[in-house]
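Pasted below: protein_19.txt, compact mmCIF, C-alpha atoms.
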# COMPACT_ATOMS: atom_id res chain seq x y z
CA MET N 1 0.00 0.00 0.00
CA LYS N 2 1.71 3.14 -1.27
CA GLN N 3 -0.02 5.50 1.19
CA LEU N 4 0.86 3.30 4.18
CA HIS N 5 4.52 3.33 3.22
CA GLN N 6 4.52 7.11 2.77
CA ALA N 7 2.81 7.63 6.16
CA GLN N 8 5.50 5.41 7.72
CA VAL N 9 8.22 7.61 6.20
CA ASP N 10 6.46 10.86 7.13
CA TRP N 11 6.29 10.29 10.87
CA TRP N 12 10.08 9.89 11.15
CA PRO N 13 12.15 13.03 11.76
CA PRO N 14 12.04 15.34 10.09
CA GLU N 15 8.33 14.75 10.46
CA ASP N 16 5.87 15.83 7.81
CA PRO N 17 2.58 15.81 9.74
CA ALA N 18 0.48 17.07 6.84
CA SER N 19 1.66 14.35 4.48
CA CYS N 20 1.50 11.70 7.20
CA VAL N 21 -2.12 12.48 8.04
CA THR N 22 -3.15 12.66 4.40
CA ASN N 23 -1.49 9.37 3.50
CA ALA N 24 -2.72 7.63 6.64
CA PHE N 25 -6.26 8.75 5.85
CA TYR N 26 -6.17 7.33 2.33
CA ALA N 27 -4.47 4.14 3.50
CA TYR N 28 -7.23 3.60 6.06
CA GLU N 29 -9.88 4.22 3.43
CA ASN N 30 -8.23 1.77 1.04
CA ALA N 31 -8.11 -0.88 3.76
CA VAL N 32 -11.81 -0.36 4.57
CA VAL N 33 -12.72 -0.68 0.89
CA ALA N 34 -10.57 -3.83 0.57
CA ALA N 35 -12.35 -5.39 3.57
CA ALA N 36 -15.74 -4.44 2.16
CA GLU N 37 -14.97 -5.87 -1.25
CA ALA N 38 -13.61 -9.07 0.30
CA VAL N 39 -16.97 -9.78 1.91
CA GLY N 40 -19.13 -8.41 -0.92
CA GLU N 41 -20.21 -5.29 0.96
CA ARG N 42 -21.17 -2.33 -1.21
CA TRP N 43 -19.33 0.95 -0.67
CA GLN N 44 -19.59 4.51 -1.90
CA LYS N 45 -16.94 6.96 -3.09
CA ASN N 46 -17.67 9.32 -0.21
CA HIS N 47 -15.45 9.90 2.80
CA VAL N 48 -18.32 10.13 5.28
CA GLU N 49 -19.92 6.94 3.98
CA LYS N 50 -16.61 5.07 4.16
CA ALA N 51 -16.29 6.05 7.83
CA LYS N 52 -19.80 4.70 8.44
CA LEU N 53 -18.90 1.54 6.54
CA ALA N 54 -15.79 1.09 8.70
CA SER N 55 -17.97 1.11 11.82
CA LYS N 56 -20.48 -1.25 10.22
CA LEU N 57 -17.75 -3.73 9.29
CA ALA N 58 -16.59 -3.74 12.91
CA ALA N 59 -20.14 -4.03 14.26
CA ASP N 60 -20.92 -7.04 12.08
CA GLY N 61 -17.62 -8.73 12.98
CA THR N 62 -15.96 -8.49 9.59
CA VAL N 63 -13.03 -6.70 11.27
CA ARG N 64 -12.19 -6.37 14.95
CA THR N 65 -11.18 -2.71 14.88
CA ASP N 66 -13.66 0.09 14.34
CA VAL N 67 -11.76 2.81 12.49
CA GLY N 68 -14.80 4.96 11.71
CA ASP N 69 -13.89 7.67 14.22
CA THR N 70 -10.27 7.55 13.10
CA LEU N 71 -11.36 8.13 9.50
CA ASP N 72 -13.51 11.07 10.60
CA LEU N 73 -10.61 12.63 12.54
CA LEU N 74 -8.04 12.11 9.80
CA ASN N 75 -10.44 13.43 7.17
CA ARG N 76 -10.98 16.60 9.21
CA LEU N 77 -7.23 17.03 9.74
CA ARG N 78 -6.56 16.35 6.06
CA LYS N 79 -9.04 19.04 5.07
CA ASP N 80 -7.52 21.52 7.54
CA VAL N 81 -4.09 20.91 6.01
CA SER N 82 -5.37 21.26 2.45
CA TYR N 83 -7.02 24.58 3.34
CA GLY N 84 -3.77 25.84 4.87
CA ASP N 85 -5.00 25.77 8.47
CA PRO N 86 -3.54 22.69 10.21
CA GLY N 87 -4.49 23.94 13.69
CA PRO N 88 -3.72 22.53 17.12
CA ASP N 89 -5.35 19.15 16.51
CA LEU N 90 -2.65 18.20 14.02
CA ALA N 91 0.11 19.38 16.36
CA GLY N 92 -1.37 17.26 19.15
CA LEU N 93 -1.65 14.09 17.07
CA ASP N 94 0.89 11.39 17.85
CA LEU N 95 2.03 10.44 14.36
CA GLU N 96 3.86 7.31 15.51
CA ASP N 97 0.72 5.98 17.21
CA THR N 98 -1.38 6.89 14.19
CA VAL N 99 0.89 4.96 11.84
CA SER N 100 1.22 2.04 14.26
CA ASP N 101 -2.57 1.74 14.52
CA LEU N 102 -2.80 1.93 10.73
CA GLU N 103 -0.26 -0.87 10.34
CA GLN N 104 -2.25 -3.06 12.72
CA PHE N 105 -5.49 -2.38 10.86
CA ALA N 106 -3.86 -3.06 7.48
CA ASP N 107 -2.54 -6.36 8.87
CA GLU N 108 -6.04 -7.20 10.13
CA VAL N 109 -7.54 -6.59 6.69
CA ASP N 110 -4.75 -8.55 4.98
CA LYS N 111 -5.48 -11.50 7.29
CA LEU N 112 -9.21 -11.24 6.56
CA ILE N 113 -8.55 -11.38 2.82
CA THR N 114 -6.04 -14.22 3.13
CA ASP N 115 -8.42 -16.25 5.32
CA LEU N 116 -11.30 -15.72 2.87
CA GLU N 117 -9.12 -16.72 -0.08
CA GLN N 118 -7.99 -19.88 1.68
CA ARG N 119 -11.55 -20.72 2.65
CA HIS N 120 -12.72 -20.32 -0.94
CA GLY N 121 -9.67 -21.92 -2.52
CA THR N 122 -8.54 -18.90 -4.52

Using structure tokens, write down the structure from this file.
Amino acid sequence: MKQLHQAQVDWWPPEDPASCVTNAFYAYENAVVAAAEAVGERWQKNHVEKAKLASKLAADGTVRTDVGDTLDLLNRLRKDVSYGDPGPDLAGLDLEDTVSDLEQFADEVDKLITDLEQRHGT
């Protein structure tokens, strides 16, 4: 996942919080879409709807981790950055924790897909 790799690079000194948040956001979204597609769940090309879908996938047990609130936060921070007003929320965000959580979620989705492929013999 290109965005995951870039987020991993961006949290290391010298940090690039704006790029890290943006790439982490898109990596999370891509992972949510991959999980949805793996189980045949429909999704929409809308950031708000993808956050809702993330929570639904956790509620129905498709994934263990509900990243809906994380997607909402990162989307807000991403928009702040793109409008030139990163604000105190970005400064207070622990980039290492954000990327670590993203890595764990990406691993969770990878395992879901691998398990489904093995179950279905593909």

Practice prompt. Point out the residue among N:Leu95, N:Arg76, N:Glu117, N:Thr65 with the least atom-to-atom distance to Asp16 in chain N, counting only C-alpha atoms.
Written response: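 Nearest to Asp16 in chain N: N:Leu95.
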
Using only C-alpha atoms, I'd like a table of the residues in range 18-73 of chain N that come within 7 Å of range 98-113 of chain N; for each, show the closest atom pair and its distance in Å rounded to one decimal, ordered by chain and ascending number, as a tab-separated table.
residue	atom	partner	partner_atom	distance
N:Ala24	CA	N:Val99	CA	6.9
N:Tyr28	CA	N:Leu102	CA	6.7
N:Ala31	CA	N:Ala106	CA	6.1
N:Ala35	CA	N:Val109	CA	5.9
N:Ala38	CA	N:Ile113	CA	6.1
N:Thr65	CA	N:Phe105	CA	7.0

Worksheet item: CA of Leu57 in chain N to CA of Val33 in chain N: how many Å, to one decimal?
Response: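 Rounded to one decimal, the two atoms are 10.3 Å apart.
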
Worksheet item: So how far away is CA of Leu4 in chain N from CA of Ser55 in chain N, in Å?
Response: 20.4 Å

Worksheet entry | Distance criterion (all atoms listed in the file): nearest to Pro86 in chain N out of N:Ser19, N:Thr114, N:Gln44, N:Gln6 |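 Residue with the minimum atom-to-atom distance to Pro86 in chain N: N:Ser19.
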
Item to complete: Identify which of the residues N:Ala58, N:Leu116, N:Leu93, N:Ala51 lies closest to Trp11 in chain N, counting only C-alpha atoms when measuring atom-to-atom distances.
Response: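 Of N:Ala58, N:Leu116, N:Leu93, N:Ala51, the one nearest Trp11 in chain N is N:Leu93, counting only C-alpha atoms.
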
Practice prompt. Rank nothing, just name the residue among N:Ala91, N:Ala18, N:Leu71, N:Val81 nearest to Asn46 in chain N, using all atoms listed in the file.
Written response: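 Comparing N:Ala91, N:Ala18, N:Leu71, N:Val81 against Asn46 in chain N, the winner is N:Leu71.
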
Worksheet item: Separation of CA of Val48 in chain N and CA of Val9 in chain N, in Å?
Response: 26.7 Å

Discussion item. Calculated over all atoms listed in the file, which of the candidates N:Ala7, N:Val63, N:His120, N:Gly87 has the smallest distance to Thr22 in chain N?
Written reply: N:Ala7

Discussion item. Between N:Ala34, N:Ala59, N:Leu90, N:Val39, which residue has the minimum interatomic distance to Leu77 in chain N, considering all atoms listed in the file?
Written reply: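 Checking each candidate against Leu77 in chain N, we get N:Leu90 as the closest.
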
Pull out range 26-97 of chain N, keep C-alpha atoms, and write it as an mmCIF file, in the first residue's frame.
data_model
loop_
_atom_site.group_PDB
_atom_site.id
_atom_site.type_symbol
_atom_site.label_atom_id
_atom_site.label_comp_id
_atom_site.auth_asym_id
_atom_site.auth_seq_id
_atom_site.Cartn_x
_atom_site.Cartn_y
_atom_site.Cartn_z
ATOM 1 C CA TYR N 26 -6.167 7.333 2.328
ATOM 2 C CA ALA N 27 -4.470 4.138 3.496
ATOM 3 C CA TYR N 28 -7.229 3.596 6.065
ATOM 4 C CA GLU N 29 -9.878 4.216 3.431
ATOM 5 C CA ASN N 30 -8.233 1.772 1.039
ATOM 6 C CA ALA N 31 -8.107 -0.875 3.759
ATOM 7 C CA VAL N 32 -11.812 -0.359 4.574
ATOM 8 C CA VAL N 33 -12.717 -0.684 0.889
ATOM 9 C CA ALA N 34 -10.572 -3.833 0.573
ATOM 10 C CA ALA N 35 -12.345 -5.386 3.567
ATOM 11 C CA ALA N 36 -15.742 -4.442 2.160
ATOM 12 C CA GLU N 37 -14.973 -5.868 -1.248
ATOM 13 C CA ALA N 38 -13.608 -9.071 0.296
ATOM 14 C CA VAL N 39 -16.971 -9.779 1.907
ATOM 15 C CA GLY N 40 -19.132 -8.411 -0.917
ATOM 16 C CA GLU N 41 -20.214 -5.290 0.958
ATOM 17 C CA ARG N 42 -21.167 -2.332 -1.208
ATOM 18 C CA TRP N 43 -19.329 0.946 -0.665
ATOM 19 C CA GLN N 44 -19.595 4.506 -1.902
ATOM 20 C CA LYS N 45 -16.942 6.962 -3.090
ATOM 21 C CA ASN N 46 -17.672 9.317 -0.214
ATOM 22 C CA HIS N 47 -15.450 9.903 2.800
ATOM 23 C CA VAL N 48 -18.317 10.133 5.285
ATOM 24 C CA GLU N 49 -19.916 6.944 3.980
ATOM 25 C CA LYS N 50 -16.607 5.073 4.162
ATOM 26 C CA ALA N 51 -16.288 6.048 7.827
ATOM 27 C CA LYS N 52 -19.803 4.704 8.441
ATOM 28 C CA LEU N 53 -18.896 1.541 6.537
ATOM 29 C CA ALA N 54 -15.794 1.091 8.699
ATOM 30 C CA SER N 55 -17.965 1.112 11.821
ATOM 31 C CA LYS N 56 -20.483 -1.248 10.218
ATOM 32 C CA LEU N 57 -17.747 -3.735 9.287
ATOM 33 C CA ALA N 58 -16.591 -3.742 12.906
ATOM 34 C CA ALA N 59 -20.135 -4.027 14.264
ATOM 35 C CA ASP N 60 -20.916 -7.037 12.084
ATOM 36 C CA GLY N 61 -17.618 -8.729 12.977
ATOM 37 C CA THR N 62 -15.957 -8.495 9.586
ATOM 38 C CA VAL N 63 -13.033 -6.697 11.267
ATOM 39 C CA ARG N 64 -12.186 -6.368 14.952
ATOM 40 C CA THR N 65 -11.176 -2.712 14.885
ATOM 41 C CA ASP N 66 -13.660 0.091 14.338
ATOM 42 C CA VAL N 67 -11.764 2.811 12.488
ATOM 43 C CA GLY N 68 -14.801 4.957 11.707
ATOM 44 C CA ASP N 69 -13.890 7.667 14.224
ATOM 45 C CA THR N 70 -10.269 7.551 13.096
ATOM 46 C CA LEU N 71 -11.357 8.132 9.499
ATOM 47 C CA ASP N 72 -13.512 11.073 10.597
ATOM 48 C CA LEU N 73 -10.612 12.628 12.537
ATOM 49 C CA LEU N 74 -8.045 12.112 9.797
ATOM 50 C CA ASN N 75 -10.441 13.435 7.168
ATOM 51 C CA ARG N 76 -10.978 16.597 9.207
ATOM 52 C CA LEU N 77 -7.230 17.030 9.739
ATOM 53 C CA ARG N 78 -6.558 16.349 6.060
ATOM 54 C CA LYS N 79 -9.043 19.044 5.070
ATOM 55 C CA ASP N 80 -7.517 21.516 7.536
ATOM 56 C CA VAL N 81 -4.092 20.906 6.007
ATOM 57 C CA SER N 82 -5.369 21.259 2.448
ATOM 58 C CA TYR N 83 -7.019 24.577 3.341
ATOM 59 C CA GLY N 84 -3.765 25.837 4.867
ATOM 60 C CA ASP N 85 -4.998 25.772 8.475
ATOM 61 C CA PRO N 86 -3.542 22.688 10.210
ATOM 62 C CA GLY N 87 -4.492 23.937 13.685
ATOM 63 C CA PRO N 88 -3.720 22.534 17.123
ATOM 64 C CA ASP N 89 -5.345 19.147 16.511
ATOM 65 C CA LEU N 90 -2.647 18.200 14.020
ATOM 66 C CA ALA N 91 0.115 19.384 16.359
ATOM 67 C CA GLY N 92 -1.370 17.257 19.149
ATOM 68 C CA LEU N 93 -1.653 14.093 17.069
ATOM 69 C CA ASP N 94 0.889 11.391 17.853
ATOM 70 C CA LEU N 95 2.034 10.439 14.364
ATOM 71 C CA GLU N 96 3.855 7.306 15.510
ATOM 72 C CA ASP N 97 0.716 5.978 17.211
#
